[in-house]
Each structure stands twice: as C-alpha cells, then as structure tokens.
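start_21.tsv (TSV, C-alpha atoms and all ligand atoms)
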```tsv
chain	number	residue	atom	x	y	z
A	1	MET	CA	0.00	0.00	0.00
A	2	SER	CA	1.31	3.45	-0.91
A	3	ASN	CA	2.24	5.73	2.01
A	4	PRO	CA	1.69	9.44	1.10
A	5	GLU	CA	4.48	10.57	3.48
A	6	HIS	CA	6.91	8.15	1.85
A	7	ASP	CA	5.76	9.22	-1.64
A	8	GLN	CA	6.63	12.85	-0.78
A	9	ASP	CA	10.04	11.85	0.63
A	10	ILE	CA	10.78	9.70	-2.42
A	11	LYS	CA	9.99	12.62	-4.74
A	12	TYR	CA	12.22	14.90	-2.64
A	13	LEU	CA	15.08	12.38	-2.75
A	14	ARG	CA	14.67	11.84	-6.50
A	15	ASP	CA	14.76	15.60	-7.11
A	16	ASN	CA	17.93	15.98	-5.00
A	17	LEU	CA	20.02	13.12	-6.41
A	18	THR	CA	22.88	14.50	-8.49
A	19	VAL	CA	23.67	12.94	-11.87
A	20	TYR	CA	27.12	13.14	-13.50
A	21	PRO	CA	27.00	12.52	-17.29
A	22	ASN	CA	29.87	10.52	-18.80
A	23	PHE	CA	31.27	9.12	-15.52
A	24	PRO	CA	33.16	6.83	-15.09
A	25	LYS	CA	32.96	6.20	-18.86
A	26	PRO	CA	31.45	8.06	-21.85
A	27	GLY	CA	27.72	7.36	-22.12
A	28	ILE	CA	27.15	6.50	-18.43
A	29	ASN	CA	24.89	8.83	-16.41
A	30	PHE	CA	26.30	8.31	-12.92
A	31	ARG	CA	23.59	8.74	-10.24
A	32	ASP	CA	25.69	9.78	-7.26
A	33	THR	CA	23.91	8.60	-4.10
A	34	PHE	CA	26.64	10.28	-2.01
A	35	SER	CA	24.79	13.51	-2.89
A	36	LEU	CA	21.97	12.24	-0.62
A	37	PHE	CA	24.23	10.73	2.07
A	38	ARG	CA	26.23	13.91	2.66
A	39	ASN	CA	23.14	15.93	3.65
A	40	GLN	CA	21.66	15.06	7.06
A	41	ILE	CA	18.05	15.65	5.93
A	42	THR	CA	18.20	13.42	2.84
A	43	TYR	CA	20.37	10.80	4.58
A	44	LYS	CA	17.80	10.49	7.39
A	45	LYS	CA	14.94	10.20	4.89
A	46	VAL	CA	16.83	7.40	3.09
A	47	ILE	CA	17.60	5.48	6.29
A	48	ASP	CA	14.01	5.90	7.53
A	49	LEU	CA	12.60	4.55	4.24
A	50	PHE	CA	14.81	1.44	4.42
A	51	SER	CA	14.27	0.91	8.16
A	52	ASP	CA	10.51	1.23	7.90
A	53	HIS	CA	10.34	-1.24	5.00
A	54	ILE	CA	12.73	-3.80	6.52
A	55	SER	CA	11.12	-3.59	9.98
A	56	LYS	CA	8.00	-5.19	8.43
A	57	LEU	CA	9.97	-8.24	7.23
A	58	GLU	CA	11.24	-11.10	9.35
A	59	VAL	CA	15.02	-10.61	9.11
A	60	ASP	CA	18.04	-11.88	11.10
A	61	VAL	CA	20.87	-10.10	9.24
A	62	ILE	CA	21.37	-7.25	6.79
A	63	VAL	CA	23.97	-7.82	4.08
A	64	GLY	CA	25.44	-4.63	2.58
A	65	LEU	CA	27.31	-4.51	-0.74
A	66	GLU	CA	30.60	-2.59	-0.96
A	67	SER	CA	30.77	0.31	-0.85
A	68	ARG	CA	27.63	2.37	-0.65
A	69	GLY	CA	25.61	-0.55	0.72
A	70	PHE	CA	27.78	-0.21	3.86
A	71	ILE	CA	26.65	3.38	4.46
A	72	LEU	CA	23.05	2.22	4.29
A	73	GLY	CA	23.41	-1.12	6.07
A	74	GLY	CA	25.22	0.14	9.18
A	75	ALA	CA	22.64	2.81	9.97
A	76	ILE	CA	19.67	0.50	9.25
A	77	CYS	CA	21.15	-2.22	11.50
A	78	TYR	CA	21.67	0.33	14.27
A	79	ASN	CA	18.03	1.46	13.92
A	80	LEU	CA	16.60	-2.07	13.90
A	81	GLY	CA	19.04	-3.70	16.33
A	82	ILE	CA	20.16	-6.45	13.97
A	83	PRO	CA	23.63	-7.54	12.77
A	84	PHE	CA	25.44	-6.33	9.64
A	85	VAL	CA	27.43	-8.55	7.26
A	86	PRO	CA	29.54	-7.13	4.40
A	87	ILE	CA	30.04	-8.45	0.89
A	88	ARG	CA	33.31	-6.89	-0.28
A	89	LYS	CA	35.39	-6.53	-3.43
A	90	LYS	CA	38.05	-9.25	-3.83
A	91	GLY	CA	41.04	-9.28	-1.47
A	92	LYS	CA	39.61	-7.18	1.38
A	93	LEU	CA	38.16	-9.83	3.72
A	94	PRO	CA	40.35	-12.06	5.93
A	95	GLY	CA	39.82	-15.76	6.69
A	96	LYS	CA	37.98	-18.28	4.53
A	97	VAL	CA	36.06	-16.51	1.78
A	98	ILE	CA	33.92	-17.51	-1.20
A	99	GLU	CA	34.13	-15.43	-4.38
A	100	TYR	CA	31.90	-14.69	-7.38
A	101	LYS	CA	32.80	-12.76	-10.54
A	102	TYR	CA	30.15	-10.47	-12.06
A	103	GLU	CA	29.48	-7.79	-14.70
A	104	LEU	CA	28.13	-4.30	-14.07
A	105	GLU	CA	27.13	-1.27	-16.17
A	106	TYR	CA	30.74	-0.10	-16.58
A	107	GLY	CA	32.96	-3.16	-16.13
A	108	GLN	CA	33.41	-6.34	-14.12
A	109	ASP	CA	34.39	-7.14	-10.55
A	110	VAL	CA	34.64	-9.92	-7.98
A	111	PHE	CA	32.68	-10.04	-4.72
A	112	GLU	CA	33.59	-12.07	-1.63
A	113	ILE	CA	31.83	-13.14	1.56
A	114	GLN	CA	33.40	-14.64	4.69
A	115	GLU	CA	32.20	-18.23	5.07
A	116	CYS	CA	31.71	-17.78	8.84
A	117	SER	CA	29.59	-14.62	8.52
A	118	ILE	CA	26.20	-16.30	7.95
A	119	LYS	CA	24.72	-19.33	9.71
A	120	PRO	CA	22.67	-21.81	7.62
A	121	ASN	CA	19.01	-20.71	7.26
A	122	GLN	CA	19.56	-17.20	8.60
A	123	LYS	CA	17.08	-14.80	7.01
A	124	VAL	CA	18.93	-12.05	5.18
A	125	VAL	CA	18.06	-8.86	3.33
A	126	ILE	CA	20.55	-7.44	0.81
A	127	VAL	CA	20.86	-3.65	0.74
A	128	ASP	CA	22.56	-1.43	-1.83
A	129	ASP	CA	22.30	2.11	-3.16
A	130	LEU	CA	21.61	1.32	-6.81
A	131	ILE	CA	20.68	-1.48	-9.19
A	132	ALA	CA	21.63	-1.16	-12.87
A	133	THR	CA	22.32	-4.47	-14.65
A	134	GLY	CA	21.64	-6.42	-11.46
A	135	GLY	CA	25.11	-8.02	-11.72
A	136	SER	CA	26.11	-7.00	-8.16
A	137	CYS	CA	22.88	-8.27	-6.62
A	138	MET	CA	23.07	-11.49	-8.60
A	139	ALA	CA	26.63	-12.09	-7.34
A	140	ALA	CA	25.51	-11.39	-3.76
A	141	ILE	CA	22.59	-13.81	-4.16
A	142	GLU	CA	24.89	-16.55	-5.49
A	143	LEU	CA	27.32	-16.07	-2.56
A	144	LEU	CA	24.49	-16.10	-0.03
A	145	LYS	CA	23.08	-19.30	-1.54
A	146	LYS	CA	26.51	-20.91	-1.08
A	147	VAL	CA	26.49	-20.08	2.67
A	148	LYS	CA	22.89	-21.43	2.82
A	149	ALA	CA	21.23	-18.15	3.77
A	150	GLN	CA	17.51	-17.66	3.27
A	151	ILE	CA	17.32	-14.54	1.09
A	152	ILE	CA	14.18	-12.61	1.95
A	153	GLU	CA	14.55	-9.56	-0.32
A	154	CYS	CA	16.92	-7.09	-2.02
A	155	VAL	CA	16.16	-3.53	-0.93
A	156	ILE	CA	17.67	-0.84	-3.13
A	157	LEU	CA	17.53	2.95	-3.07
A	158	VAL	CA	17.69	3.65	-6.86
A	159	GLU	CA	16.81	1.40	-9.79
A	160	LEU	CA	17.72	2.07	-13.40
A	161	SER	CA	14.54	0.61	-14.79
A	162	ASP	CA	15.53	0.24	-18.44
A	163	LEU	CA	18.63	-1.91	-17.78
A	164	ASN	CA	16.74	-5.17	-17.51
A	165	TRP	CA	18.15	-6.07	-14.08
A	166	LYS	CA	15.05	-8.19	-13.38
A	167	LYS	CA	16.36	-10.96	-15.62
A	168	ASN	CA	19.43	-11.32	-13.34
A	169	VAL	CA	17.80	-11.00	-9.93
A	170	SER	CA	15.89	-14.06	-8.82
A	171	VAL	CA	14.61	-12.80	-5.44
A	172	PRO	CA	11.90	-10.23	-4.56
A	173	THR	CA	13.31	-6.73	-4.93
A	174	THR	CA	12.09	-3.37	-3.63
A	175	SER	CA	13.45	-0.08	-4.93
A	176	PHE	CA	12.35	3.39	-3.87
A	177	ILE	CA	13.55	5.78	-6.63
A	178	LYS	CA	13.24	4.93	-10.32
A	179	PHE	CA	15.17	6.39	-13.27
A	180	ASP	CA	16.05	5.31	-16.76
A	181	SER	CA	19.78	5.08	-17.41
A	201	LIG	O1	23.43	-3.49	-10.89
A	201	LIG	P1	24.87	-3.34	-11.25
A	201	LIG	O2	25.11	-3.18	-12.72
A	201	LIG	O3	25.72	-4.43	-10.65
A	201	LIG	O4	25.39	-1.96	-10.64
A	201	LIG	C1	25.13	-1.52	-9.34
A	201	LIG	C2	26.35	-1.41	-8.49
A	201	LIG	O5	27.27	-0.45	-9.07
A	201	LIG	C3	27.67	0.48	-8.07
A	201	LIG	O6	28.74	0.04	-7.30
A	201	LIG	P2	30.24	-0.07	-7.82
A	201	LIG	O7	30.48	-1.48	-8.28
A	201	LIG	O8	30.55	1.03	-8.78
A	201	LIG	O9	31.11	0.03	-6.51
A	201	LIG	P3	31.36	1.07	-5.34
A	201	LIG	O10	30.05	1.21	-4.58
A	201	LIG	O11	32.39	0.36	-4.55
A	201	LIG	O12	31.80	2.35	-5.94
A	201	LIG	C4	26.45	0.57	-7.18
A	201	LIG	O13	26.76	1.09	-5.90
A	201	LIG	C5	25.98	-0.86	-7.12
A	201	LIG	O14	26.62	-1.61	-6.11
A	202	LIG	N1	24.60	4.77	-13.60
A	202	LIG	C1	25.08	4.48	-12.41
A	202	LIG	N2	25.16	5.41	-11.44
A	202	LIG	C2	25.64	5.08	-10.21
A	202	LIG	N3	26.07	3.85	-9.87
A	202	LIG	C3	26.00	2.90	-10.81
A	202	LIG	N4	26.33	1.60	-10.79
A	202	LIG	C4	26.07	1.07	-11.99
A	202	LIG	N5	25.57	2.01	-12.83
A	202	LIG	C5	25.52	3.15	-12.11
```
Reformat the file's structure so that it appears as structure tokens.
Ligand SMILES: O=P(O)(O)OC[C@H]1O[C@H](OP(=O)(O)OP(=O)(O)O)[C@H](O)[C@@H]1O
Ligand SMILES: Nc1ncnc2[nH]cnc12
Amino acid sequence: MSNPEHDQDIKYLRDNLTVYPNFPKPGINFRDTFSLFRNQITYKKVIDLFSDHISKLEVDVIVGLESRGFILGGAICYNLGIPFVPIRKKGKLPGKVIEYKYELEYGQDVFEIQECSIKPNQKVVIVDDLIATGGSCMAAIELLKKVKAQIIECVILVELSDLNWKKNVSVPTTSFIKFDS
C-alpha cells in the first residue's frame, strides 16, 4: 500500500540526487547517491525509508554490498538492532572466503563473503544504493546461496529501470527511486 508521506520523501530524494554525465565512462549517467548521504536531511529520509520497510519483514541479518551498501546497512542495522554482514570486493576480507565474478554497467568485478559470517538458514536482506544491470545483486545472491542463507529480499535505493536487471535478480526486490539510465 502506498504511504503518502513516503511518496513525498521519495519525490524529494529523486529531485535531490545529483547525476554526472559521462562518468566513469562516456555514455554513463552516474547517479551519485553520495549527494543524498552527505546531507543530514536526505540521509535520514533514506535510512528511515529502508528501516521502515525492513522492519516489516522477518530478518536476522542485513547484508550490505561494498561500498555504498555499507553506508546504508550500518545505519539500518543500528536502527533495527540487527547484525550487519559485508560483501566486499576481492582481497579485502580475511579468513575463509567464497568469491563470485560479475558484470556491471561499466565493467566487471569480484565479490567475496566470509564463510563464517552467515549461519545456515539465517534470514537475510541485501541492501545497496543502486541497481543497474543487477550483476552485483546477482553475485551477492549466489554467494548467499553458497552459505545457505535464506534470502528474503533485495532492498535498493535507486533502480535504473531500463537496464533489464530483473532478468538477473531471482529474489523479490524493492526499490524506492526509479530512473532510466
Ligand atoms: O546493478 P549493477 O550493474 O551491478 O550496478 C550496481 C552497483 O554499481 C555500483 O557500485 P560499484 O560497483 O561502482 O562500486 P562502489 O560502490 O564500490 O563504488 C552501485 O553502488 C551498485 O553496487
Ligand atoms: N549509472 C550508475 N550510477 C551510479 N552507480 C551505478 N552503478 C552502476 N551504474 C551506475
């Protein structure tokens, strides 16, 4: 059900998100979510939107994707009193890790998760700032399947609706702000 207060906040956030044409490559319109995080009013609106949505789900752990998923995940976990687990770019996490290579709008990368960070059957929500091709979320989903997590949902601030991410993402996904690329 649509919440009129949320609808107003979402419009405000959409109107205040800065776009940088031709970054990091010609032809890419880079939607810079840091422009919302560096302002205390918009950052609070973002964290409240996520926290309100996730508080209605049954969730044990929030998994944030490097790097902007960390800025969201930490604050949401603090609000809801649940643990945070990172998925990081290759070579940053110590101990036993599992890796998955993926493609995104402007290149490719490798994600890793620590094997010990999730217990079998834990209910997890993935959070990130933006979904474009869905490559990052798909990689996170594959890693979480390998550690036997129960993936409840991906919750994303901005979706680029025309990039066909739905074909890559096999779990329910909620996004708040919609743009075309
Ligand atoms: O849906 P996709 O095509 O996978 O693209 C989305 C991902 O791209 C950006 O991160 P990026 O990999 O640039 O990393 P950063 O947050 O570390 O800068 C964004 O923050 C998402 O994580
Ligand atoms: N257009 C875009 N803006 C910001 N982050 C992105 N990640 C992938 N595509 C992006």
Please return as a list in words the residues found within 7 Å of ligand LIG 202 (chain A), counting only C-alpha atoms and all ligand atoms. Ile28, Asn29, Phe30, Arg31, Asp32, Leu104, Glu105, Tyr106, Leu130, Ile131, Ala132 and Ser181 of chain A
Around all the atoms of range 145-155 of chain A listed in the file, with 4 Å of room on each side, what axis-aligned box do you get, giving centre and edge lengths in Å to one decimal, as JSON?
```
{"center_x": 20.3, "center_y": -12.5, "center_z": 0.9, "size_x": 20.3, "size_y": 25.9, "size_z": 13.8}
```
Give me the residues near range 39-53 of chain A as a CSV table (one decimal) with C-alpha atoms, in the coordinates of the input, where near means some atom within 9 Å (using only C-alpha atoms) and where sequence neighbours in that chain fewer than 3 positions away do not count.
```csv
chain,number,residue,atom,x,y,z
A,6,HIS,CA,6.9,8.2,1.8
A,9,ASP,CA,10.0,11.8,0.6
A,10,ILE,CA,10.8,9.7,-2.4
A,12,TYR,CA,12.2,14.9,-2.6
A,13,LEU,CA,15.1,12.4,-2.8
A,16,ASN,CA,17.9,16.0,-5.0
A,34,PHE,CA,26.6,10.3,-2.0
A,35,SER,CA,24.8,13.5,-2.9
A,36,LEU,CA,22.0,12.2,-0.6
A,56,LYS,CA,8.0,-5.2,8.4
A,57,LEU,CA,10.0,-8.2,7.2
A,72,LEU,CA,23.0,2.2,4.3
A,73,GLY,CA,23.4,-1.1,6.1
A,75,ALA,CA,22.6,2.8,10.0
A,76,ILE,CA,19.7,0.5,9.2
A,77,CYS,CA,21.2,-2.2,11.5
A,79,ASN,CA,18.0,1.5,13.9
A,80,LEU,CA,16.6,-2.1,13.9
A,127,VAL,CA,20.9,-3.6,0.7
A,155,VAL,CA,16.2,-3.5,-0.9
A,156,ILE,CA,17.7,-0.8,-3.1
A,157,LEU,CA,17.5,3.0,-3.1
A,176,PHE,CA,12.4,3.4,-3.9
```
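Between CA of Asp162 in chain A and CA of Phe179 in chain A lies a distance of 8.0 Å.
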One decimal, in Å: what's the spacing between atom C4 of ligand LIG 201 (chain A) and CA of Tyr20 in chain A? 14.1 Å
Can you pull out every residue within 9 Å of range 144-146 of chain A, counting only C-alpha atoms, but drop anything in the same chain fewer than 3 positions away, and send it as a PyMOL selection string? chain A and resi 98+113+115+118+124+139-141+149-151
Write to file, as a compact mmCIF listing (two decimals), in the coordinates of the input, the residues of the selection just made, with C-alpha atoms.
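Dumped everything to again-v5.txt:
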```
# COMPACT_ATOMS: atom_id res chain seq x y z
CA ILE A 98 33.92 -17.51 -1.20
CA ILE A 113 31.83 -13.14 1.56
CA GLU A 115 32.20 -18.23 5.07
CA ILE A 118 26.20 -16.30 7.95
CA VAL A 124 18.93 -12.05 5.18
CA ALA A 139 26.63 -12.09 -7.34
CA ALA A 140 25.51 -11.39 -3.76
CA ILE A 141 22.59 -13.81 -4.16
CA ALA A 149 21.23 -18.15 3.77
CA GLN A 150 17.51 -17.66 3.27
CA ILE A 151 17.32 -14.54 1.09
```
May I have the residues within 7 Å of Tyr100 in chain A as a list in words, using all atoms listed in the file and disregarding those fewer than 5 positions away in the same chain? Val110, Phe111, Glu112, Ala139 and Leu143 of chain A
Proximity check chain A to ligand LIG 201 (chain A), 7 Å, nearest pairs one decimal Å, only C-alpha atoms and all ligand atoms, as JSON lines:
```
{"residue": "A:Leu65", "atom": "CA", "partner": "A:LIG201", "partner_atom": "O14", "distance": 6.1}
{"residue": "A:Glu66", "atom": "CA", "partner": "A:LIG201", "partner_atom": "O11", "distance": 5.0}
{"residue": "A:Ser67", "atom": "CA", "partner": "A:LIG201", "partner_atom": "O10", "distance": 3.9}
{"residue": "A:Arg68", "atom": "CA", "partner": "A:LIG201", "partner_atom": "O10", "distance": 4.8}
{"residue": "A:Gly69", "atom": "CA", "partner": "A:LIG201", "partner_atom": "O13", "distance": 6.9}
{"residue": "A:Glu103", "atom": "CA", "partner": "A:LIG201", "partner_atom": "O3", "distance": 6.5}
{"residue": "A:Leu104", "atom": "CA", "partner": "A:LIG201", "partner_atom": "O2", "distance": 3.5}
{"residue": "A:Glu105", "atom": "CA", "partner": "A:LIG201", "partner_atom": "O2", "distance": 4.4}
{"residue": "A:Asp128", "atom": "CA", "partner": "A:LIG201", "partner_atom": "O14", "distance": 5.9}
{"residue": "A:Asp129", "atom": "CA", "partner": "A:LIG201", "partner_atom": "O13", "distance": 5.3}
{"residue": "A:Leu130", "atom": "CA", "partner": "A:LIG201", "partner_atom": "C5", "distance": 4.9}
{"residue": "A:Ile131", "atom": "CA", "partner": "A:LIG201", "partner_atom": "O1", "distance": 3.8}
{"residue": "A:Ala132", "atom": "CA", "partner": "A:LIG201", "partner_atom": "O1", "distance": 3.5}
{"residue": "A:Thr133", "atom": "CA", "partner": "A:LIG201", "partner_atom": "O2", "distance": 3.6}
{"residue": "A:Gly134", "atom": "CA", "partner": "A:LIG201", "partner_atom": "O1", "distance": 3.5}
{"residue": "A:Gly135", "atom": "CA", "partner": "A:LIG201", "partner_atom": "O3", "distance": 3.8}
{"residue": "A:Ser136", "atom": "CA", "partner": "A:LIG201", "partner_atom": "O3", "distance": 3.6}
{"residue": "A:Cys137", "atom": "CA", "partner": "A:LIG201", "partner_atom": "O3", "distance": 6.2}
{"residue": "A:Trp165", "atom": "CA", "partner": "A:LIG201", "partner_atom": "O1", "distance": 6.7}
```
Distance of CA of Val169 in chain A from CA of Cys116 in chain A, expressed in Å to one decimal place: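 CA of Val169 in chain A lies 24.3 Å from CA of Cys116 in chain A.
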Counting only C-alpha atoms, which residues sit no farther than 9 Å from the position (21.5, -7.1, 13.8) in the file's frame? I'd like them as an mmCIF file with C-alpha atoms, keeping the file's coordinate frame.
```cif
data_model
loop_
_atom_site.group_PDB
_atom_site.id
_atom_site.type_symbol
_atom_site.label_atom_id
_atom_site.label_comp_id
_atom_site.auth_asym_id
_atom_site.auth_seq_id
_atom_site.Cartn_x
_atom_site.Cartn_y
_atom_site.Cartn_z
ATOM 1 C CA VAL A 59 15.020 -10.610 9.110
ATOM 2 C CA ASP A 60 18.040 -11.880 11.100
ATOM 3 C CA VAL A 61 20.870 -10.100 9.240
ATOM 4 C CA ILE A 62 21.370 -7.250 6.790
ATOM 5 C CA CYS A 77 21.150 -2.220 11.500
ATOM 6 C CA TYR A 78 21.670 0.330 14.270
ATOM 7 C CA LEU A 80 16.600 -2.070 13.900
ATOM 8 C CA GLY A 81 19.040 -3.700 16.330
ATOM 9 C CA ILE A 82 20.160 -6.450 13.970
ATOM 10 C CA PRO A 83 23.630 -7.540 12.770
ATOM 11 C CA PHE A 84 25.440 -6.330 9.640
ATOM 12 C CA VAL A 85 27.430 -8.550 7.260
#
```
A:Leu93, A:Val147, A:Ile71, A:Met138: which is nearest Lys166 in chain A, counting only C-alpha atoms?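 So, comparing all the options, the nearest one is A:Met138.
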Could you check the closest approach to Lys25 in chain A for each of A:Ile87, A:Asn164, A:Ser117, A:Gly107 and tell me which residue wins, using only C-alpha atoms? A:Gly107
Val171 in chain A environment, 8 Å, all atoms listed in the file, sequence neighbours closer than 6 positions dropped, as a list in words: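 The neighbour list is Ile151, Ile152, Glu153 and Cys154 of chain A.
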